[in-house]
>>> print(open('query_39.txt').read())   # compact mmCIF, C-alpha atoms and all ligand atoms
# COMPACT_ATOMS: atom_id res chain seq x y z
CA MET A 13 18.07 -3.07 0.61
CA LYS A 14 15.84 -2.32 -2.34
CA HIS A 15 12.19 -3.16 -1.88
CA GLN A 16 11.16 -6.09 -4.02
CA PRO A 17 7.50 -5.66 -4.93
CA ARG A 18 5.47 -8.63 -3.78
CA VAL A 19 3.30 -10.16 -6.48
CA LEU A 20 0.58 -12.67 -5.70
CA ILE A 21 0.16 -15.16 -8.55
CA VAL A 22 -3.27 -16.81 -8.55
CA GLU A 23 -2.97 -19.64 -11.04
CA ASP A 24 -4.17 -23.24 -10.74
CA GLU A 25 -1.72 -24.74 -13.21
CA PRO A 26 1.47 -25.35 -11.22
CA ALA A 27 3.78 -25.34 -14.27
CA ILE A 28 2.53 -21.93 -15.44
CA ALA A 29 2.55 -20.49 -11.92
CA GLU A 30 6.12 -21.66 -11.38
CA LEU A 31 7.25 -20.31 -14.75
CA ILE A 32 5.78 -16.90 -13.91
CA ALA A 33 7.34 -16.99 -10.44
CA VAL A 34 10.79 -17.72 -11.88
CA ASN A 35 10.50 -14.83 -14.30
CA LEU A 36 9.28 -12.46 -11.61
CA ARG A 37 12.13 -13.42 -9.31
CA HIS A 38 14.60 -12.71 -12.12
CA GLY A 39 12.88 -9.39 -12.70
CA GLY A 40 13.38 -8.26 -9.10
CA PHE A 41 9.95 -9.15 -7.74
CA ASP A 42 8.97 -11.27 -4.77
CA PRO A 43 6.39 -13.75 -6.10
CA VAL A 44 3.93 -15.77 -4.01
CA ILE A 45 1.76 -18.49 -5.56
CA ALA A 46 -1.84 -19.36 -4.67
CA GLN A 47 -3.49 -22.17 -6.62
CA ASP A 48 -7.11 -21.41 -5.82
CA SER A 49 -9.33 -18.62 -4.58
CA ALA A 50 -9.34 -19.81 -0.97
CA SER A 51 -5.57 -19.82 -0.63
CA ALA A 52 -5.38 -16.51 -2.51
CA GLN A 53 -7.77 -15.02 0.03
CA SER A 54 -5.83 -16.33 3.02
CA GLU A 55 -2.62 -14.98 1.48
CA LEU A 56 -4.27 -11.56 1.13
CA ASP A 57 -5.53 -11.73 4.72
CA ALA A 58 -1.98 -12.29 5.91
CA VAL A 59 0.12 -9.98 3.72
CA LEU A 60 -1.00 -7.47 1.12
CA PRO A 61 0.93 -7.82 -2.14
CA ASP A 62 1.92 -4.88 -4.35
CA ALA A 63 0.12 -6.45 -7.31
CA ILE A 64 -1.98 -9.51 -8.16
CA LEU A 65 -1.67 -11.66 -11.29
CA LEU A 66 -5.02 -13.34 -11.56
CA ASP A 67 -5.84 -16.25 -13.85
CA TRP A 68 -9.23 -15.98 -15.48
CA MET A 69 -9.99 -19.69 -15.43
CA LEU A 70 -9.77 -21.01 -11.88
CA PRO A 71 -11.55 -24.01 -10.37
CA GLY A 72 -14.47 -22.89 -8.20
CA GLN A 73 -14.67 -19.09 -8.15
CA SER A 74 -13.53 -17.52 -11.45
CA GLY A 75 -10.80 -14.93 -11.59
CA LEU A 76 -13.38 -12.43 -12.71
CA ALA A 77 -15.53 -12.97 -9.60
CA LEU A 78 -12.43 -12.69 -7.41
CA ALA A 79 -11.37 -9.43 -9.03
CA ARG A 80 -14.84 -8.01 -8.50
CA HIS A 81 -14.83 -9.15 -4.85
CA TRP A 82 -11.39 -7.69 -4.07
CA ARG A 83 -12.29 -4.40 -5.68
CA LYS A 84 -15.18 -4.04 -3.22
CA GLN A 85 -13.11 -4.73 -0.09
CA PRO A 86 -11.52 -1.63 1.47
CA ARG A 87 -8.39 -3.61 2.29
CA THR A 88 -7.77 -4.86 -1.24
CA LYS A 89 -9.49 -2.35 -3.48
CA SER A 90 -6.40 -0.42 -4.50
CA ILE A 91 -4.12 -3.36 -5.26
CA PRO A 92 -3.38 -3.51 -9.00
CA ILE A 93 -4.87 -6.61 -10.60
CA LEU A 94 -3.60 -8.01 -13.89
CA MET A 95 -5.80 -10.68 -15.42
CA LEU A 96 -4.20 -13.63 -17.14
CA THR A 97 -6.28 -15.18 -19.85
CA ALA A 98 -5.78 -17.76 -22.54
CA ARG A 99 -8.44 -16.08 -24.60
CA GLY A 100 -7.81 -12.77 -26.23
CA ASP A 101 -11.28 -11.83 -27.33
CA GLU A 102 -12.73 -8.44 -26.66
CA PRO A 103 -15.82 -9.33 -24.59
CA ASP A 104 -13.56 -10.98 -22.00
CA LYS A 105 -11.31 -7.97 -21.78
CA VAL A 106 -14.26 -5.66 -21.36
CA ALA A 107 -15.75 -7.90 -18.65
CA GLY A 108 -12.42 -8.01 -16.85
CA LEU A 109 -11.91 -4.28 -16.98
CA ASP A 110 -15.47 -3.78 -15.76
CA ALA A 111 -14.68 -6.07 -12.83
CA GLY A 112 -11.84 -3.75 -11.90
CA ALA A 113 -8.79 -5.35 -13.50
CA ASP A 114 -6.02 -2.85 -14.26
CA ASP A 115 -4.59 -4.71 -17.19
CA TYR A 116 -4.69 -7.83 -19.26
CA ILE A 117 -2.13 -10.36 -20.29
CA THR A 118 -3.06 -12.95 -22.86
CA LYS A 119 -1.37 -16.35 -22.59
CA PRO A 120 1.10 -17.19 -23.97
CA PHE A 121 3.06 -14.05 -23.13
CA SER A 122 6.73 -13.19 -23.07
CA PRO A 123 8.42 -12.71 -19.71
CA GLN A 124 9.51 -9.23 -20.82
CA GLU A 125 5.95 -8.23 -21.58
CA LEU A 126 4.75 -9.58 -18.25
CA LEU A 127 7.40 -7.66 -16.29
CA ALA A 128 6.81 -4.47 -18.26
CA ARG A 129 3.09 -4.59 -17.64
CA ILE A 130 3.50 -5.23 -13.91
CA ARG A 131 5.92 -2.31 -13.65
CA ALA A 132 3.46 -0.12 -15.53
CA VAL A 133 0.54 -0.84 -13.19
CA LEU A 134 2.77 -0.33 -10.16
CA ARG A 135 3.81 3.09 -11.49
CA ARG A 136 0.22 4.07 -12.15
CA ARG A 137 -1.08 2.84 -8.82
CA ALA A 138 1.63 3.91 -6.44
CA PRO A 139 1.17 7.63 -5.71
CA GLU A 140 1.44 6.92 -1.96
CA SER A 141 4.90 5.40 -2.26
CA VAL A 142 6.35 8.04 -4.56
CA ASN A 143 9.32 9.80 -3.01
CA ASP A 144 8.12 13.30 -2.40
CA SER A 145 8.17 16.02 0.18
CA VAL A 146 5.31 17.42 2.21
CA THR A 147 5.06 20.55 4.31
CA VAL A 148 2.47 21.23 7.00
CA GLY A 149 3.00 24.48 8.85
CA GLU A 150 6.67 24.51 9.79
CA LEU A 151 6.95 20.74 9.67
CA MET A 152 8.70 19.39 6.58
CA LEU A 153 9.11 15.80 5.47
CA ASP A 154 11.33 14.80 2.58
CA ALA A 155 10.51 11.19 1.71
CA ALA A 156 13.32 10.78 -0.81
CA LYS A 157 15.97 11.87 1.69
CA HIS A 158 14.08 10.34 4.61
CA ARG A 159 14.38 13.60 6.54
CA ILE A 160 12.04 15.50 8.79
CA SER A 161 12.52 18.97 10.15
CA PHE A 162 10.53 21.37 12.28
CA GLN A 163 11.46 25.06 12.21
CA ASN A 164 14.55 23.97 10.24
CA GLN A 165 15.70 21.67 13.03
CA GLU A 166 16.16 18.08 11.93
CA LEU A 167 14.21 15.43 13.83
CA LYS A 168 14.94 11.74 14.21
CA LEU A 169 12.05 9.28 13.83
CA GLY A 170 11.80 5.51 13.82
CA PRO A 171 10.63 3.85 10.57
CA THR A 172 7.02 3.31 11.71
CA GLU A 173 6.74 6.83 13.10
CA PHE A 174 8.14 8.14 9.81
CA LYS A 175 5.51 6.27 7.77
CA LEU A 176 2.78 7.34 10.17
CA LEU A 177 3.81 10.99 10.00
CA HIS A 178 4.15 10.84 6.21
CA TYR A 179 0.59 9.58 5.91
CA LEU A 180 -0.80 12.10 8.40
CA MET A 181 1.01 14.96 6.65
CA LYS A 182 -0.24 13.92 3.22
CA HIS A 183 -3.75 13.87 4.62
CA ALA A 184 -3.48 16.72 7.07
CA GLU A 185 -6.45 18.38 8.78
CA ARG A 186 -8.46 15.20 8.39
CA VAL A 187 -9.40 12.80 11.15
CA HIS A 188 -8.17 9.22 10.70
CA SER A 189 -9.57 6.36 12.74
CA ARG A 190 -7.17 3.86 14.26
CA SER A 191 -8.36 1.16 11.91
CA ALA A 192 -7.90 3.43 8.88
CA LEU A 193 -4.35 4.19 10.01
CA LEU A 194 -3.63 0.50 10.51
CA ASP A 195 -4.86 -0.10 7.00
CA LYS A 196 -2.94 2.73 5.37
CA VAL A 197 0.26 2.82 7.37
CA TRP A 198 0.74 -0.77 8.47
CA GLY A 199 -1.20 -2.16 5.52
CA ASP A 200 0.12 -5.66 5.45
CA HIS A 201 -0.95 -6.83 8.89
CA VAL A 202 -4.60 -7.38 9.68
CA PHE A 203 -4.11 -8.76 13.13
CA ILE A 204 -2.39 -5.81 14.78
CA GLU A 205 -4.43 -4.38 17.63
CA GLU A 206 -5.66 -0.82 17.41
CA ARG A 207 -3.81 0.21 20.54
CA THR A 208 -0.59 -0.33 18.58
CA VAL A 209 -1.53 2.88 16.77
CA ASP A 210 -1.74 4.70 20.11
CA VAL A 211 1.72 3.46 21.06
CA HIS A 212 3.24 4.77 17.83
CA VAL A 213 1.36 8.07 18.02
CA LYS A 214 2.81 8.55 21.50
CA ARG A 215 6.31 7.84 20.20
CA LEU A 216 5.72 10.13 17.25
CA ARG A 217 4.69 13.01 19.52
CA GLU A 218 7.76 12.48 21.67
CA ALA A 219 10.04 12.44 18.64
CA LEU A 220 8.43 15.59 17.25
CA GLY A 221 9.19 17.52 20.42
CA SER A 222 7.55 20.96 20.29
CA ALA A 223 5.73 19.96 17.07
CA GLY A 224 4.16 17.01 18.93
CA SER A 225 1.02 19.01 19.62
CA MET A 226 0.33 19.08 15.87
CA VAL A 227 -0.79 15.45 16.24
CA GLU A 228 -4.19 15.80 17.85
CA THR A 229 -6.32 13.16 19.45
CA VAL A 230 -9.91 13.51 18.31
CA ARG A 231 -11.94 11.90 21.05
CA GLY A 232 -13.92 8.89 19.91
CA ALA A 233 -12.69 9.32 16.32
CA GLY A 234 -8.95 8.98 15.99
CA TYR A 235 -6.06 11.25 15.12
CA ARG A 236 -5.46 14.33 13.03
CA LEU A 237 -2.40 16.27 12.02
CA THR A 238 -3.02 19.96 12.02
CA SER A 239 -0.92 23.01 11.28
CA LEU A 240 -2.99 25.12 13.68
CA ALA A 241 -1.11 24.03 16.79
CA ALA A 242 2.17 25.13 15.24
CA THR A 243 0.99 28.59 14.23
CA SER A 244 -0.19 29.49 17.75
CA PRO A 245 2.46 31.28 19.83
CA ALA A 246 4.82 28.97 21.65
CA PRO A 247 4.13 28.95 25.41
CA ALA A 248 7.80 28.90 26.36
CA ALA A 249 10.04 31.92 25.83
CA GLN A 250 12.34 31.49 22.86
CA SER A 251 15.53 33.33 22.22
CA GLY A 252 15.37 35.74 19.32
CA ALA A 253 11.59 35.37 18.93
CA CA B 1 -6.32 -21.79 -15.12
>>> encode(input="query_39.txt", output="structure tokens", more="lines below")
Ligand code: CA
Amino acid sequence: MKHQPRVLIVEDEPAIAELIAVNLRHGGFDPVIAQDSASAQSELDAVLPDAILLDWMLPGQSGLALARHWRKQPRTKSIPILMLTARGDEPDKVAGLDAGADDYITKPFSPQELLARIRAVLRRRAPESVNDSVTVGELMLDAAKHRISFQNQELKLGPTEFKLLHYLMKHAERVHSRSALLDKVWGDHVFIEERTVDVHVKRLREALGSAGSMVETVRGAGYRLTSLAATSPAPAAQSGA
């Protein structure tokens, strides 16, 4: 099934929020509505959306203050934020962009414009989810075809192990803490325990077979994928080698 990007709509006027949600659903998105900053925050704590539509004028904390706050949090800083405003004047736009908004939509707007702008920020902001291929040593991962091979032998990985390996390969030779991996690979769940990472790393190593040693444990720090292990001579005798 095709992934429907989740869009958090932060808008205190129920009629407008509902209208936006209907349009997003028609456009292939999965909208979630929060009517104030507190419920928006608890929504973000539970599940990270792919983009946020943020009303400028909210009761209590303004949309501007929220945008600024989310931009500072490691968990939310890279989520595209589109500000919704009834006012179209320049100082507001500048203030919003300074606060970290990715784009602006001035009310009233057409549904087509709204959808087009959301798609545009998702394209700009989504390098991690682009279908690409990565090679580290003799390990190859083709994200578009969902295939992994080591020394030209195809390997079978579960979906979480695939995502974990994809991330480690794209950021090879660097040490990643368990909490960083939870953030980048699991992303949408804050309440997963760090030992979950260990469980999946173990499964990943098993699935990788002789390439499993490329996933190193860095004591007290986390995990690292390295090509060095693969370039050292294999300990077992291999035919034709
Ligand atoms: Ca409002």
>>> atom_distance(input="query_39.txt", atom1="atom CA of Gly108 of chain A", atom2="atom CA of Ala79 of chain A")
8.0 Å
>>> closest_atom_pairs(input="query_39.txt", of="chain A", to="ligand CA 1 (chain B)", cutoff="7 Å", atoms="all atoms listed in the file", output="JSON lines")
{"residue": "A:Glu23", "atom": "CA", "partner": "B:CA1", "partner_atom": "CA", "distance": 5.7}
{"residue": "A:Asp24", "atom": "CA", "partner": "B:CA1", "partner_atom": "CA", "distance": 5.1}
{"residue": "A:Glu25", "atom": "CA", "partner": "B:CA1", "partner_atom": "CA", "distance": 5.8}
{"residue": "A:Asp67", "atom": "CA", "partner": "B:CA1", "partner_atom": "CA", "distance": 5.7}
{"residue": "A:Trp68", "atom": "CA", "partner": "B:CA1", "partner_atom": "CA", "distance": 6.5}
{"residue": "A:Met69", "atom": "CA", "partner": "B:CA1", "partner_atom": "CA", "distance": 4.2}
{"residue": "A:Leu70", "atom": "CA", "partner": "B:CA1", "partner_atom": "CA", "distance": 4.8}
>>> closest_residue(input="query_39.txt", among="A:Gln16, A:Ser90, A:Gln47, A:Ser122", to="Ala29 of chain A", atoms="all atoms listed in the file")
A:Gln47
>>> atom_distance(input="query_39.txt", atom1="atom CA of Asp110 of chain A", atom2="atom CA of Leu193 of chain A")
29.2 Å
>>> closest_residue(input="query_39.txt", among="A:Leu96, A:Leu151, A:Leu127, A:Ala77", to="Phe41 of chain A", atoms="all atoms listed in the file")
A:Leu127
>>> closest_residue(input="query_39.txt", among="A:Ala46, A:Leu237, A:Ile28, A:Leu153", to="Thr97 of chain A", atoms="all atoms listed in the file")
A:Ile28
>>> residues_around(input="query_39.txt", residues="Thr88 of chain A", least_positions_apart="5", cutoff="8 Å", atoms="all atoms listed in the file", output="PDB file with C-alpha atoms, in the frame of the given file")
ATOM      1  CA  LEU A  56      -4.270 -11.560   1.130  1.00  0.00           C
ATOM      2  CA  LEU A  60      -1.000  -7.470   1.120  1.00  0.00           C
ATOM      3  CA  TRP A  82     -11.390  -7.690  -4.070  1.00  0.00           C
ATOM      4  CA  ARG A  83     -12.290  -4.400  -5.680  1.00  0.00           C
TER       5      ARG A  83
END
>>> atom_distance(input="query_39.txt", atom1="atom CA of Ala52 of chain A", atom2="atom CA of Gly40 of chain A")
21.5 Å
>>> closest_residue(input="query_39.txt", among="A:Thr118, A:Ala223, A:Ile32, A:Arg190", to="Glu166 of chain A", atoms="only C-alpha atoms")
A:Ala223
